[in-house]
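Trainee: input_8.csv is the file, holding CSV, C-alpha atoms and all ligand atoms:
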chain,number,residue,atom,x,y,z
F,1,MET,CA,123.3,18.1,110.2
F,2,ARG,CA,121.0,20.9,111.3
F,3,ARG,CA,119.8,20.4,114.9
F,4,PRO,CA,116.0,20.6,115.1
F,5,PHE,CA,114.8,23.9,116.6
F,6,VAL,CA,111.4,24.6,118.2
F,7,ALA,CA,110.5,28.0,119.6
F,8,GLY,CA,107.3,29.1,121.3
F,9,ASN,CA,106.2,32.6,120.6
F,10,TRP,CA,103.8,33.5,123.4
F,11,LYS,CA,103.0,36.9,121.8
F,12,MET,CA,101.1,39.3,124.1
F,13,ASN,CA,99.9,36.6,126.5
F,14,LYS,CA,100.5,35.8,130.2
F,15,THR,CA,101.2,38.0,133.2
F,16,VAL,CA,104.3,37.1,135.2
F,17,ASP,CA,102.4,34.8,137.5
F,18,GLN,CA,100.6,33.1,134.6
F,19,ALA,CA,103.9,32.7,132.7
F,20,SER,CA,105.5,31.1,135.7
F,21,VAL,CA,102.6,28.6,136.0
F,22,LEU,CA,102.9,27.7,132.3
F,23,VAL,CA,106.6,27.1,132.6
F,24,GLN,CA,106.0,24.7,135.4
F,25,GLU,CA,103.5,22.9,133.3
F,26,LEU,CA,105.8,22.6,130.3
F,27,LEU,CA,109.2,22.1,131.9
F,28,SER,CA,109.5,18.5,132.7
F,29,GLY,CA,107.9,17.5,129.4
F,30,LEU,CA,110.2,19.6,127.4
F,31,GLN,CA,113.4,18.7,129.2
F,32,GLN,CA,113.5,15.1,128.0
F,33,PHE,CA,113.9,16.0,124.3
F,34,THR,CA,117.5,17.1,124.4
F,35,SER,CA,118.1,16.5,120.7
F,36,VAL,CA,115.9,19.5,120.0
F,37,GLU,CA,116.9,23.2,120.6
F,38,ARG,CA,113.9,24.4,122.6
F,39,VAL,CA,113.2,28.1,123.2
F,40,LEU,CA,110.4,30.0,125.0
F,41,CYS,CA,109.7,33.6,124.0
F,42,PRO,CA,107.4,35.2,126.6
F,43,PRO,CA,106.6,39.0,126.9
F,44,PHE,CA,109.5,41.2,128.2
F,45,THR,CA,108.0,41.5,131.6
F,46,SER,CA,108.4,37.8,132.3
F,47,LEU,CA,112.0,37.4,131.0
F,48,MET,CA,113.7,38.1,134.3
F,49,LEU,CA,111.7,35.5,136.2
F,50,LEU,CA,111.8,32.9,133.4
F,51,SER,CA,115.6,33.3,133.0
F,52,ALA,CA,115.8,32.1,136.7
F,53,GLN,CA,113.3,29.3,136.2
F,54,LEU,CA,114.9,28.0,133.1
F,55,LYS,CA,118.5,28.2,134.4
F,56,ASP,CA,120.3,24.8,133.9
F,57,THR,CA,117.2,23.2,132.3
F,58,GLY,CA,118.6,23.2,128.7
F,59,ILE,CA,115.6,25.3,127.6
F,60,GLY,CA,116.5,28.6,126.0
F,61,LEU,CA,114.8,32.0,126.5
F,62,GLY,CA,114.1,34.6,123.8
F,63,ALA,CA,112.5,38.0,123.5
F,64,GLN,CA,109.9,38.8,120.8
F,65,ASN,CA,111.5,42.0,119.6
F,66,MET,CA,114.1,44.7,120.4
F,67,HIS,CA,115.4,48.0,119.1
F,68,TRP,CA,118.6,48.2,117.2
F,69,GLU,CA,120.1,51.2,119.0
F,70,GLY,CA,122.3,50.5,122.1
F,71,SER,CA,120.6,53.1,124.4
F,72,GLY,CA,119.1,56.6,124.4
F,73,ALA,CA,115.9,58.5,123.8
F,74,PHE,CA,113.6,55.7,122.4
F,75,THR,CA,110.7,55.7,124.8
F,76,GLY,CA,109.1,52.3,125.2
F,77,GLU,CA,111.9,50.4,123.4
F,78,ILE,CA,114.3,47.7,124.7
F,79,ALA,CA,118.0,47.7,123.7
F,80,PRO,CA,119.9,44.6,122.6
F,81,ALA,CA,122.1,44.5,125.7
F,82,MET,CA,119.0,44.6,127.9
F,83,VAL,CA,117.6,41.5,126.1
F,84,ARG,CA,121.0,39.9,126.3
F,85,GLU,CA,120.9,40.2,130.1
F,86,PHE,CA,118.3,37.5,130.2
F,87,CYS,CA,118.1,35.9,126.8
F,88,ASN,CA,120.1,34.0,124.2
F,89,TYR,CA,117.5,34.5,121.4
F,90,VAL,CA,115.4,37.2,119.9
F,91,ILE,CA,112.5,37.0,117.4
F,92,LEU,CA,112.9,39.7,114.7
F,93,GLY,CA,110.6,40.9,112.0
F,94,HIS,CA,107.5,38.9,112.9
F,95,SER,CA,104.7,39.6,110.5
F,96,GLU,CA,102.6,41.2,113.3
F,97,ARG,CA,105.4,43.7,113.8
F,98,ARG,CA,105.7,44.3,110.1
F,99,THR,CA,101.9,44.8,109.8
F,100,TYR,CA,101.0,46.7,113.0
F,101,PHE,CA,104.3,48.4,113.9
F,102,GLY,CA,105.7,49.4,110.6
F,103,GLU,CA,108.7,47.1,110.5
F,104,THR,CA,110.4,46.8,107.2
F,105,ASP,CA,113.3,44.8,105.7
F,106,GLU,CA,115.5,47.7,106.5
F,107,THR,CA,114.6,47.8,110.2
F,108,VAL,CA,114.9,44.0,110.4
F,109,ASN,CA,118.3,44.3,108.9
F,110,LYS,CA,119.4,46.9,111.6
F,111,LYS,CA,118.0,44.7,114.3
F,112,LEU,CA,119.7,41.6,112.9
F,113,LYS,CA,123.1,43.3,112.9
F,114,ALA,CA,122.5,44.6,116.5
F,115,ALA,CA,121.4,41.1,117.7
F,116,LEU,CA,124.5,39.4,116.3
F,117,ALA,CA,126.7,42.1,117.8
F,118,VAL,CA,125.6,41.3,121.3
F,119,GLY,CA,125.7,37.5,120.8
F,120,LEU,CA,121.9,36.9,120.5
F,121,THR,CA,120.7,34.1,118.2
F,122,PRO,CA,118.2,35.9,115.9
F,123,ILE,CA,115.0,34.1,114.7
F,124,VAL,CA,114.2,36.2,111.7
F,125,CYS,CA,110.6,35.9,110.4
F,126,ILE,CA,109.7,36.2,106.7
F,127,GLY,CA,106.6,35.2,104.7
F,128,GLU,CA,104.1,36.4,102.2
F,129,THR,CA,100.6,37.8,102.9
F,130,LEU,CA,97.4,36.1,101.6
F,131,THR,CA,97.2,38.7,98.7
F,132,GLN,CA,100.8,38.1,97.7
F,133,TYR,CA,100.2,34.3,97.9
F,134,GLU,CA,97.1,34.5,95.7
F,135,ALA,CA,99.0,36.7,93.2
F,136,GLY,CA,101.7,34.0,92.9
F,137,GLU,CA,104.3,36.4,94.5
F,138,THR,CA,105.6,34.1,97.2
F,139,GLN,CA,109.1,33.6,95.7
F,140,GLN,CA,109.5,37.2,94.9
F,141,VAL,CA,108.5,38.3,98.5
F,142,VAL,CA,110.6,35.8,100.5
F,143,VAL,CA,113.7,36.2,98.3
F,144,ARG,CA,113.4,40.0,98.7
F,145,GLN,CA,113.0,39.6,102.5
F,146,VAL,CA,116.1,37.5,102.7
F,147,LEU,CA,118.3,39.6,100.4
F,148,GLN,CA,117.3,42.9,102.0
F,149,GLY,CA,116.9,41.7,105.6
F,150,PHE,CA,120.2,39.8,105.6
F,151,LYS,CA,122.3,42.2,103.7
F,152,GLU,CA,125.8,43.1,104.9
F,153,ILE,CA,125.9,40.2,107.4
F,154,GLU,CA,129.3,38.5,107.6
F,155,SER,CA,129.2,34.9,106.4
F,156,ALA,CA,130.8,33.7,109.6
F,157,ALA,CA,127.9,35.1,111.6
F,158,ALA,CA,125.2,34.0,109.2
F,159,SER,CA,125.2,30.3,110.3
F,160,GLN,CA,124.1,31.6,113.8
F,161,ILE,CA,120.8,33.0,112.3
F,162,VAL,CA,117.6,31.0,112.4
F,163,VAL,CA,115.0,31.8,109.7
F,164,ALA,CA,111.3,31.3,110.3
F,165,TYR,CA,109.1,31.0,107.2
F,166,GLU,CA,105.7,32.1,108.3
F,167,PRO,CA,103.1,32.6,105.5
F,168,VAL,CA,100.9,35.3,107.0
F,169,TRP,CA,97.8,33.6,105.8
F,170,ALA,CA,98.7,30.6,108.0
F,171,ILE,CA,99.3,32.5,111.3
F,172,GLY,CA,96.6,32.0,113.9
F,173,THR,CA,94.1,31.0,111.2
F,174,GLY,CA,94.1,27.2,111.7
F,175,LYS,CA,95.0,27.0,108.0
F,176,ALA,CA,98.5,25.7,108.0
F,177,ALA,CA,100.6,25.3,104.9
F,178,THR,CA,101.1,21.8,103.7
F,179,GLY,CA,104.4,20.1,104.6
F,180,GLU,CA,105.3,19.8,100.9
F,181,GLY,CA,104.3,23.4,100.1
F,182,ALA,CA,106.3,24.9,102.9
F,183,ASN,CA,109.3,22.6,102.1
F,184,MET,CA,109.2,23.8,98.6
F,185,VAL,CA,109.5,27.4,99.7
F,186,HIS,CA,112.4,26.6,102.1
F,187,LYS,CA,114.3,24.5,99.6
F,188,GLU,CA,113.7,26.3,96.3
F,189,TYR,CA,113.4,29.9,97.4
F,190,ILE,CA,114.8,30.6,100.8
F,191,ARG,CA,117.9,28.4,101.0
F,192,PRO,CA,119.1,29.5,97.5
F,193,ALA,CA,118.7,33.1,98.5
F,194,LEU,CA,120.8,32.4,101.6
F,195,ALA,CA,123.3,30.7,99.4
F,196,GLN,CA,123.4,33.7,97.1
F,197,LEU,CA,124.5,35.8,100.1
F,198,PHE,CA,126.6,33.5,102.1
F,199,GLY,CA,127.6,30.6,99.9
F,200,SER,CA,126.0,27.2,99.7
F,201,ALA,CA,128.0,25.5,102.6
F,202,ILE,CA,126.7,28.1,105.1
F,203,ALA,CA,123.2,28.2,103.6
F,204,GLN,CA,123.1,24.4,104.2
F,205,ASN,CA,123.8,25.0,107.9
F,206,ILE,CA,121.2,27.7,108.5
F,207,ARG,CA,118.0,26.3,110.2
F,208,ILE,CA,114.8,27.3,108.4
F,209,LEU,CA,111.7,26.8,110.6
F,210,TYR,CA,108.1,26.7,109.5
F,211,GLY,CA,105.5,28.7,111.4
F,212,GLY,CA,101.7,29.2,111.1
F,213,SER,CA,99.1,27.1,112.8
F,214,VAL,CA,101.6,24.3,113.8
F,215,THR,CA,100.0,21.9,116.3
F,216,GLY,CA,100.8,18.5,117.9
F,217,ALA,CA,98.5,17.0,115.3
F,218,ASN,CA,100.2,18.4,112.1
F,219,ALA,CA,103.8,18.9,113.3
F,220,SER,CA,105.2,15.6,112.0
F,221,GLU,CA,104.0,16.5,108.5
F,222,PHE,CA,106.5,19.4,108.6
F,223,PHE,CA,109.3,17.8,110.4
F,224,GLY,CA,109.4,14.9,108.0
F,225,GLN,CA,110.4,17.3,105.2
F,226,SER,CA,114.0,17.7,104.0
F,227,ASP,CA,114.3,21.4,104.5
F,228,ILE,CA,112.1,22.1,107.4
F,229,ASP,CA,114.3,22.2,110.5
F,230,GLY,CA,111.8,23.0,113.2
F,231,ALA,CA,108.9,25.3,114.0
F,232,LEU,CA,108.0,28.7,115.4
F,233,VAL,CA,104.8,28.0,117.3
F,234,GLY,CA,102.3,30.6,118.4
F,235,GLY,CA,98.9,29.5,119.9
F,236,ALA,CA,99.9,25.9,120.5
F,237,SER,CA,103.0,27.1,122.6
F,238,LEU,CA,100.6,28.2,125.3
F,239,LYS,CA,99.4,24.7,125.9
F,240,PRO,CA,100.8,21.2,126.7
F,241,ASP,CA,100.4,20.6,123.0
F,242,PHE,CA,103.8,22.4,122.7
F,243,ILE,CA,105.4,19.3,124.3
F,244,THR,CA,103.9,17.1,121.6
F,245,ILE,CA,105.4,19.4,118.9
F,246,VAL,CA,108.8,19.2,120.5
F,247,GLU,CA,108.5,15.4,120.8
F,248,SER,CA,107.6,15.2,117.1
F,249,ALA,CA,110.7,17.2,116.2
F,250,ALA,CA,112.9,14.8,118.3
F,251,ARG,CA,111.7,11.8,116.2
F,301,LIG,P1,100.4,30.4,115.3
F,301,LIG,O1,101.5,31.6,115.3
F,301,LIG,O2,101.2,29.2,115.6
F,301,LIG,O3,99.4,30.8,116.4
F,301,LIG,O4,99.8,30.4,113.9
F,301,LIG,C1,102.8,31.4,114.7
F,301,LIG,C2,103.5,32.7,114.9
F,301,LIG,O5,103.0,33.8,114.7
F,301,LIG,O6,104.8,32.6,115.2
Could you show the structure in this file as structure tokens?
Mentor:
Amino acid sequence: MRRPFVAGNWKMNKTVDQASVLVQELLSGLQQFTSVERVLCPPFTSLMLLSAQLKDTGIGLGAQNMHWEGSGAFTGEIAPAMVREFCNYVILGHSERRTYFGETDETVNKKLKAALAVGLTPIVCIGETLTQYEAGETQQVVVRQVLQGFKEIESAAASQIVVAYEPVWAIGTGKAATGEGANMVHKEYIRPALAQLFGSAIAQNIRILYGGSVTGANASEFFGQSDIDGALVGGASLKPDFITIVESAAR
């Protein structure tokens, strides 16, 4: 059985004070749904404070990115061990990072190895763009992202990884995929690609989240599917609607 997983990706939103207020608003609502693995991913600047606020609450903390090198002359970057000081999770390869900051399957692969090496649970994002979707290239794109992004990972470590399928055309657009459409991608394309790398037993244990315009109103459509094991939530994670999504995952 794969434990449901719901993470909130706050993206570049909230100062430390605002983040602290949002956590207070969400905390008691989120705490009751212990069957769901719940994670908040604020900006780096709020990690230190939130790690204290979330201590002993059962709610996990994640970063939204990191560098793969351990230390050195990489101005503006954050090392895996620095993330690990406060977090148990890290989002890697989000489509906004691939689009605006030049991340590739190769850099995602380096980050994935580095995250596993320091004991972080990576949430690795994959998904096709609108152009690729319209050209019928979804399978080709997500399979390549899995095979390249996850290469040279030990099978033993692979079950730690969480995959987030986020079609780029569904992110922040209000145009979510359908539950059935996303499930098909998870079940027919992503899980078989994971099985090709790690064997089917391990592939069956890896959680595959859906992300892209998930709200309290549409969450149950996704969580009712066989191969959708949770959600990576952007916009709705900044509101009490996030509690409704977690509640829906708990059902
Ligand atoms: P959204 O973002 O829920 O605002 O569409 C999802 C994401 O980018 O992780």
Trainee: Any residue with an atom at most 9 Å from ligand LIG 301 (chain F) counts, using all atoms listed in the file. Which are they? Put them as a PDB file with C-alpha atoms, in the frame of the given file.
Mentor:
ATOM      1  CA  ALA F   7     110.500  28.000 119.600  1.00  0.00           C
ATOM      2  CA  GLY F   8     107.300  29.100 121.300  1.00  0.00           C
ATOM      3  CA  ASN F   9     106.200  32.600 120.600  1.00  0.00           C
ATOM      4  CA  TRP F  10     103.800  33.500 123.400  1.00  0.00           C
ATOM      5  CA  LYS F  11     103.000  36.900 121.800  1.00  0.00           C
ATOM      6  CA  HIS F  94     107.500  38.900 112.900  1.00  0.00           C
ATOM      7  CA  SER F  95     104.700  39.600 110.500  1.00  0.00           C
ATOM      8  CA  GLU F  96     102.600  41.200 113.300  1.00  0.00           C
ATOM      9  CA  CYS F 125     110.600  35.900 110.400  1.00  0.00           C
ATOM     10  CA  ALA F 164     111.300  31.300 110.300  1.00  0.00           C
ATOM     11  CA  GLU F 166     105.700  32.100 108.300  1.00  0.00           C
ATOM     12  CA  VAL F 168     100.900  35.300 107.000  1.00  0.00           C
ATOM     13  CA  TRP F 169      97.800  33.600 105.800  1.00  0.00           C
ATOM     14  CA  ALA F 170      98.700  30.600 108.000  1.00  0.00           C
ATOM     15  CA  ILE F 171      99.300  32.500 111.300  1.00  0.00           C
ATOM     16  CA  GLY F 172      96.600  32.000 113.900  1.00  0.00           C
ATOM     17  CA  THR F 173      94.100  31.000 111.200  1.00  0.00           C
ATOM     18  CA  GLY F 174      94.100  27.200 111.700  1.00  0.00           C
ATOM     19  CA  LYS F 175      95.000  27.000 108.000  1.00  0.00           C
ATOM     20  CA  ALA F 176      98.500  25.700 108.000  1.00  0.00           C
ATOM     21  CA  TYR F 210     108.100  26.700 109.500  1.00  0.00           C
ATOM     22  CA  GLY F 211     105.500  28.700 111.400  1.00  0.00           C
ATOM     23  CA  GLY F 212     101.700  29.200 111.100  1.00  0.00           C
ATOM     24  CA  SER F 213      99.100  27.100 112.800  1.00  0.00           C
ATOM     25  CA  VAL F 214     101.600  24.300 113.800  1.00  0.00           C
ATOM     26  CA  THR F 215     100.000  21.900 116.300  1.00  0.00           C
ATOM     27  CA  ALA F 231     108.900  25.300 114.000  1.00  0.00           C
ATOM     28  CA  LEU F 232     108.000  28.700 115.400  1.00  0.00           C
ATOM     29  CA  VAL F 233     104.800  28.000 117.300  1.00  0.00           C
ATOM     30  CA  GLY F 234     102.300  30.600 118.400  1.00  0.00           C
ATOM     31  CA  GLY F 235      98.900  29.500 119.900  1.00  0.00           C
ATOM     32  CA  ALA F 236      99.900  25.900 120.500  1.00  0.00           C
ATOM     33  CA  SER F 237     103.000  27.100 122.600  1.00  0.00           C
TER      34      SER F 237
END
Trainee: Which residue gives the smallest distance to F:Lys111 among F:Asn65, F:Asn218, F:Thr138, F:Ser46, with only C-alpha atoms counted?
Mentor: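 Once distances to F:Lys111 are computed over only C-alpha atoms, the minimum belongs to F:Asn65.
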Trainee: From the list F:Lys239, F:Arg84, F:Gly119, F:Tyr165, which residue is nearest F:Asn13 when using all atoms listed in the file?
Mentor: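 Under the stated criterion, the closest residue is F:Lys239.
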Trainee: Here is a test: counting only C-alpha atoms, which residue of F:Val146, F:Val141, F:Ile245, F:Ala182 is nearest to F:Ala203?
Mentor: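 Nearest candidate to F:Ala203 out of F:Val146, F:Val141, F:Ile245, F:Ala182: F:Val146.
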Trainee: Go through F:Gln148, F:Asn88, F:Gln225, F:Ser71 one by one, measure the shortest atom-to-atom distance of each to F:Cys41 using all atoms listed in the file, and give the residue with the smallest value.
Mentor: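 The answer is F:Asn88, which sits nearest to F:Cys41.
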Trainee: Identify which of the residues F:Gln53, F:Ala73, F:Pro43, F:Pro80 lies closest to F:Val21, counting all atoms listed in the file when measuring atom-to-atom distances.
Mentor: F:Gln53
Trainee: Find the distance between atom CA of F:Ile243 and atom CA of F:Gly216 and write it in Å to one decimal.
Mentor: 7.9 Å
Trainee: Could you check the closest approach to F:Glu154 for each of F:Gly93, F:Gly102, F:Gly199, F:Gly136 and tell me which residue wins, using all atoms listed in the file?
Mentor: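 Comparing F:Gly93, F:Gly102, F:Gly199, F:Gly136 against F:Glu154, the winner is F:Gly199.
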Trainee: Compile the contact shell of stretch 76-78 of chain F as a list in words: residues with an atom at most 9 Å away, counting all atoms listed in the file, same-chain residues fewer than 6 positions apart removed.
Mentor: Phe44, Asn65, Met66, His67, Trp68, Glu69 and Gly70 of chain F
Trainee: Distance atom CA of F:Leu61-atom CA of F:Ile208, one decimal place?
Mentor: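 Separation between atom CA of F:Leu61 and atom CA of F:Ile208: 18.7 Å.
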Trainee: Would you list the contacts of F:Val246 as a JSON list (two decimals) with C-alpha atoms, in the coordinates of the input, taking every protein, DNA or RNA residue within 12 Å and counting all atoms listed in the file, but skipping same-chain residues closer than 6 positions in sequence?
Mentor:
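Dumped to selection.json:
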[["chain", "number", "residue", "atom", "x", "y", "z"],
["F", 4, "PRO", "CA", 116.00, 20.60, 115.10],
["F", 5, "PHE", "CA", 114.80, 23.90, 116.60],
["F", 6, "VAL", "CA", 111.40, 24.60, 118.20],
["F", 7, "ALA", "CA", 110.50, 28.00, 119.60],
["F", 8, "GLY", "CA", 107.30, 29.10, 121.30],
["F", 26, "LEU", "CA", 105.80, 22.60, 130.30],
["F", 27, "LEU", "CA", 109.20, 22.10, 131.90],
["F", 29, "GLY", "CA", 107.90, 17.50, 129.40],
["F", 30, "LEU", "CA", 110.20, 19.60, 127.40],
["F", 31, "GLN", "CA", 113.40, 18.70, 129.20],
["F", 32, "GLN", "CA", 113.50, 15.10, 128.00],
["F", 33, "PHE", "CA", 113.90, 16.00, 124.30],
["F", 34, "THR", "CA", 117.50, 17.10, 124.40],
["F", 35, "SER", "CA", 118.10, 16.50, 120.70],
["F", 36, "VAL", "CA", 115.90, 19.50, 120.00],
["F", 37, "GLU", "CA", 116.90, 23.20, 120.60],
["F", 38, "ARG", "CA", 113.90, 24.40, 122.60],
["F", 39, "VAL", "CA", 113.20, 28.10, 123.20],
["F", 40, "LEU", "CA", 110.40, 30.00, 125.00],
["F", 59, "ILE", "CA", 115.60, 25.30, 127.60],
["F", 214, "VAL", "CA", 101.60, 24.30, 113.80],
["F", 215, "THR", "CA", 100.00, 21.90, 116.30],
["F", 216, "GLY", "CA", 100.80, 18.50, 117.90],
["F", 217, "ALA", "CA", 98.50, 17.00, 115.30],
["F", 219, "ALA", "CA", 103.80, 18.90, 113.30],
["F", 220, "SER", "CA", 105.20, 15.60, 112.00],
["F", 223, "PHE", "CA", 109.30, 17.80, 110.40],
["F", 229, "ASP", "CA", 114.30, 22.20, 110.50],
["F", 230, "GLY", "CA", 111.80, 23.00, 113.20],
["F", 231, "ALA", "CA", 108.90, 25.30, 114.00],
["F", 232, "LEU", "CA", 108.00, 28.70, 115.40],
["F", 233, "VAL", "CA", 104.80, 28.00, 117.30],
["F", 236, "ALA", "CA", 99.90, 25.90, 120.50],
["F", 237, "SER", "CA", 103.00, 27.10, 122.60],
["F", 240, "PRO", "CA", 100.80, 21.20, 126.70]]
Trainee: To one decimal in Å, tell me the separation between atom CA of F:Val16 and atom CA of F:Val90.
Mentor: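 Straight-line distance from atom CA of F:Val16 to atom CA of F:Val90 works out to 18.9 Å.
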Trainee: Tell me, as a list of chain:residue names, which residues lie within 10 Å of F:Tyr189, counting all atoms listed in the file; anything in the same chain fewer than 3 positions away does not count.
Mentor: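 Selected residues are F:Thr138, F:Gln139, F:Gln140, F:Val141, F:Val142, F:Val143, F:Val146, F:Asn183, F:Met184, F:Val185, F:His186, F:Pro192, F:Ala193, F:Leu194.
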